[in-house]
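*Asks:* Pasting a structure here, questions to come.
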Amino acid sequence: MMPTGWCPGTRTVTGMLGTYPGTSCVRIFFGPGDGLPAAAWTDPRQRLAQAPADADVIVSHKDPDVDAAAFVAAWQATGRTGRLVLVPHHEPEQQAGGDPAPAAFRASWTRTRKQVGDHPARHDGRLRLAVCWTLQWVRRVDAAGRRVNDWRTWWPEHEADAVDLVLADWYPYDPTARNPFRPAGYEEPASALAIMVELARATGKPWGIAEINHPRITTAGGYPTDLDPDGSRCAAWYRRMHAWAKANGCQVWSHYHRDEGDLTERKTEQQALRELIAAEAAAPRRLAPALETLRAELARRWPGTGRSIVDATHHADHRPNARDTVDALDVDVTGVDTAALLAAIQRHPSAAYWIHAGATARADDGWTRRPYAGADPGRDRLHLGIRSTEAAERDQRPWGLVEEAGSDATRFLALLKDPAVAFQLRALPWQYVGGGIPKGMSTLGVLNEIVQTVRVIGETVAGQAADPAPVRAALARLPEPRPAADPPDPSVPAEAVSPDGAAPPPGGSGLPRTPAEVDAVAGVVAARVLAALPAPAGVSEVELTAALRAALADLVT
């Protein structure tokens, strides 16, 4: 899910919600002199108070001496479950309406960091501090195609650790057009947003779109051609831009529903935005594989109905991310050894933070415990968030909760795919005892005895034959029988020796040759393995037999 919504402009928030149901992002701007009023969260006349509780809210302001601590405390007291993205000094590069000089801009960021940089909500990702620039300004070039502005002028390098997100406002700009701000066509997403990927890479921060709008390309709108009188091309452009942004790491997307961006009378584009918002709201919930592994271990270590909760509402991480993956899990800790659970969490490389019983800790802070005052979870619930990277989500290494309780099924089945383990499995059929095998012998011993018997019979036949040469030639082709107690043959490679010291029969044959033989051996070995495991084993005989059959399949000739 990529939270998608709008800046209401001159429209009311409640009216916008009626037009765009499912909105997951609302952008609210406080202009010069407005400050950052904490009461805006509770005053029903204010837009912030009207925004959906589960939506991300991008709040930007222009004033340097605001009380960010009081503003964030008021936000937290409302119990909202969406994230707060706070932007000190929106578009400072505009240098209009009281924008600060670079030195004042940096000093203001230091003030913000001191006020809320160490806030618990920032540690668990619910509060995010962001810079926001206008891409038209960043992308401006001279006649030679060289950029004339440097975004680093407005980058708080000294407070870079306090910056969580790089935002930008996107509006049309084509330096090759007669009027760069009124190009003759809709720019393709890959070139229009490449600058955002560049900025994210240069700063080491994720990126998002705080404002975006494109007027219809018509002569009435000041463009050089009537390219799109009905808005269909613009609507298609919105869809392409949104899809490209989501596929390339965009964290949040807000349409600037004001002035030329007001879509009230632009029904075609309005429908496109409505569909994009609805699609994100309906994004499927797929728990990250790393957390699926944890769920399985929790169920085995501490069985119980509803032990793990995927769709809690108290934290934004329970929503699907841009890959439609959920990176958070709540655990009902009734009857759970929470010390053991926390220790396991803090050892796993995918874990990012946890919240429990009024405290929170995160990996990037050395798992230092800090107070937590957000809404839920309390003493009976533990919230775990993993790192929001694809590698962390796919990491299915064990969490270490079931090592004391016996073999874990997932680990055991994974081991069967290990080449070294597969080689050892090849020796198992030759160690088999039971069934029709004489007591005290293995399958290898029986094979050796058969070879010896054939030699004796062959010599007897050869002695009575008129021409013994063919019989003796056939006997010479038999493998040399070697009892299991024989010392290793130095001519046999070490990796070709079975665990009991006996070399497999020469030629690599003698092992099961048909699917039926493989099935029989797999079934016998599976039964013996399960019999040796503590109950419950956590893996069915059918499942284990299938895994063994796959490991032995290459032996069929």
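Labels used: A, B, ... for chains in the order of the structure tokens, numbers from 1 for residues in each chain, and numbers from 1 for ligands as shown.
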So that I can check the secondary structure, give me every residue of range 225-469 of chain A assigned strand (DSSP E or B) by backbone DSSP, as a PyMOL selection string.
*Replies:* chain A and resi 250-256+286-287+308-309+325-326+328-332+351-356+359-362+370-371+381-386
*Asks:* Excluding Tyr171 in chain A and any residue of its chain fewer than 4 positions from it, enumerate the residues within 7 Å of it, using only C-alpha atoms, and give them as a short mmCIF file (atom, residue, chain, number, x, y, z; two decimals) with N, CA, C and O atoms, in the first residue's frame.
*Replies:*
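Output contents, as saved in around13.cif:
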data_model
loop_
_atom_site.label_atom_id
_atom_site.label_comp_id
_atom_site.auth_asym_id
_atom_site.auth_seq_id
_atom_site.Cartn_x
_atom_site.Cartn_y
_atom_site.Cartn_z
N GLN A 136 10.45 21.51 -9.54
CA GLN A 136 10.74 22.47 -10.60
C GLN A 136 12.01 23.26 -10.27
O GLN A 136 12.81 23.56 -11.17
N ILE A 212 1.27 16.96 -6.03
CA ILE A 212 1.42 16.68 -7.45
C ILE A 212 0.16 17.15 -8.18
O ILE A 212 -0.95 17.01 -7.66
N ASN A 213 0.37 17.73 -9.35
CA ASN A 213 -0.75 18.15 -10.17
C ASN A 213 -0.26 18.40 -11.58
O ASN A 213 0.88 18.82 -11.79
N HIS A 214 -1.11 18.10 -12.53
CA HIS A 214 -0.81 18.45 -13.92
C HIS A 214 -2.10 18.97 -14.55
O HIS A 214 -3.09 18.24 -14.67
#
*Asks:* Go through A:Ala245, A:Gly79, A:Asn321, A:Gly445 one by one, measure the shortest atom-to-atom distance of each to Val433 in chain A using only C-alpha atoms, and give the residue with the smallest value.
*Replies:*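 Going through A:Ala245, A:Gly79, A:Asn321, A:Gly445 one by one, the smallest distance to Val433 in chain A is for A:Gly445.
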*Asks:* With distances taken over only C-alpha atoms, which residue among A:Gly523, A:Gly208, A:Pro377, A:Pro398 lies nearest Glu292 in chain A?
*Replies:* A:Pro398
*Asks:* I'd like to know which of A:Met2, A:His90, A:Pro172, A:Pro215 is closest to Trp244 in chain A, using only C-alpha atoms.
*Replies:* A:Met2
*Asks:* Within 12 Å of Ala77 in chain A, counting only C-alpha atoms, which residues show up once you throw out same-chain ones fewer than 2 positions away? Write them as an MDAnalysis selection string, please.
*Replies:* chainID A and resid 38:39 41:42 53 70:75 79:81 121 373:375
*Asks:* Near range 43-52 of chain A, counting only C-alpha atoms, which residues have an atom at most 8 Å away, once you skip same-chain residues fewer than 4 positions from it, shown as a PyMOL selection string?
*Replies:* chain A and resi 12-14+23-24+26+28+39+57
*Asks:* Between A:Thr19, A:Val402, A:Ala547, A:Val138, which is the closest to Leu273 in chain A once you count only C-alpha atoms?
*Replies:*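 Comparing A:Thr19, A:Val402, A:Ala547, A:Val138 against Leu273 in chain A, the winner is A:Thr19.
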*Asks:* Per DSSP on the backbone, filter range 234-315 of chain A down to the residues in alpha helix (DSSP H) and report them as a PyMOL selection string.
*Replies:* chain A and resi 234-247+267-281+289-301
*Asks:* Okay, now the selection with C-alpha atoms, as a short mmCIF file (atom, residue, chain, number, x, y, z; two decimals), in the first residue's frame?
*Replies:*
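Contents of the output file out-v8.cif:
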data_model
loop_
_atom_site.label_atom_id
_atom_site.label_comp_id
_atom_site.auth_asym_id
_atom_site.auth_seq_id
_atom_site.Cartn_x
_atom_site.Cartn_y
_atom_site.Cartn_z
CA CYS A 234 -4.15 13.47 -18.15
CA ALA A 235 -6.08 10.77 -16.28
CA ALA A 236 -3.96 8.07 -17.92
CA TRP A 237 -0.83 10.04 -16.99
CA TYR A 238 -1.91 10.14 -13.32
CA ARG A 239 -2.32 6.36 -13.33
CA ARG A 240 1.11 5.80 -14.90
CA MET A 241 2.83 8.21 -12.51
CA HIS A 242 1.23 6.62 -9.48
CA ALA A 243 2.14 3.10 -10.62
CA TRP A 244 5.75 4.05 -11.38
CA ALA A 245 6.15 5.84 -8.06
CA LYS A 246 4.80 2.87 -6.12
CA ALA A 247 7.07 0.46 -7.98
CA LYS A 267 -14.44 14.70 -13.81
CA THR A 268 -12.19 12.43 -15.85
CA GLU A 269 -9.12 13.12 -13.72
CA GLN A 270 -11.26 13.09 -10.57
CA GLN A 271 -12.37 9.56 -11.37
CA ALA A 272 -8.76 8.48 -11.89
CA LEU A 273 -7.75 9.86 -8.47
CA ARG A 274 -10.81 8.26 -6.86
CA GLU A 275 -9.82 4.87 -8.31
CA LEU A 276 -6.20 5.17 -7.20
CA ILE A 277 -7.26 6.01 -3.65
CA ALA A 278 -9.77 3.15 -3.54
CA ALA A 279 -7.26 0.66 -4.92
CA GLU A 280 -4.72 1.51 -2.20
CA ALA A 281 -7.38 1.27 0.51
CA PRO A 289 7.40 -14.38 5.11
CA ALA A 290 9.77 -13.55 7.99
CA LEU A 291 6.75 -12.96 10.23
CA GLU A 292 5.02 -16.09 8.92
CA THR A 293 8.02 -18.04 10.20
CA LEU A 294 7.66 -16.32 13.58
CA ARG A 295 3.93 -17.11 13.71
CA ALA A 296 4.65 -20.80 13.16
CA GLU A 297 7.23 -20.85 15.95
CA LEU A 298 4.89 -18.99 18.31
CA ALA A 299 2.13 -21.54 17.65
CA ARG A 300 4.47 -24.41 18.50
CA ARG A 301 6.14 -22.85 21.52
#
*Asks:* Let me make sure I understand: among A:Val148, A:Ala343, A:Ile355, A:Leu382, which one has the smallest atom-to-atom distance to Asp330 in chain A if we use only C-alpha atoms?
*Replies:*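 Comparing A:Val148, A:Ala343, A:Ile355, A:Leu382 against Asp330 in chain A, the winner is A:Leu382.
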*Asks:* Could you tell me which of A:His89, A:Lys439, A:Arg266, A:Arg381 comes closest to Ala130 in chain A if we count only C-alpha atoms?
*Replies:*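 Counting only C-alpha atoms, the residue closest to Ala130 in chain A is A:His89.
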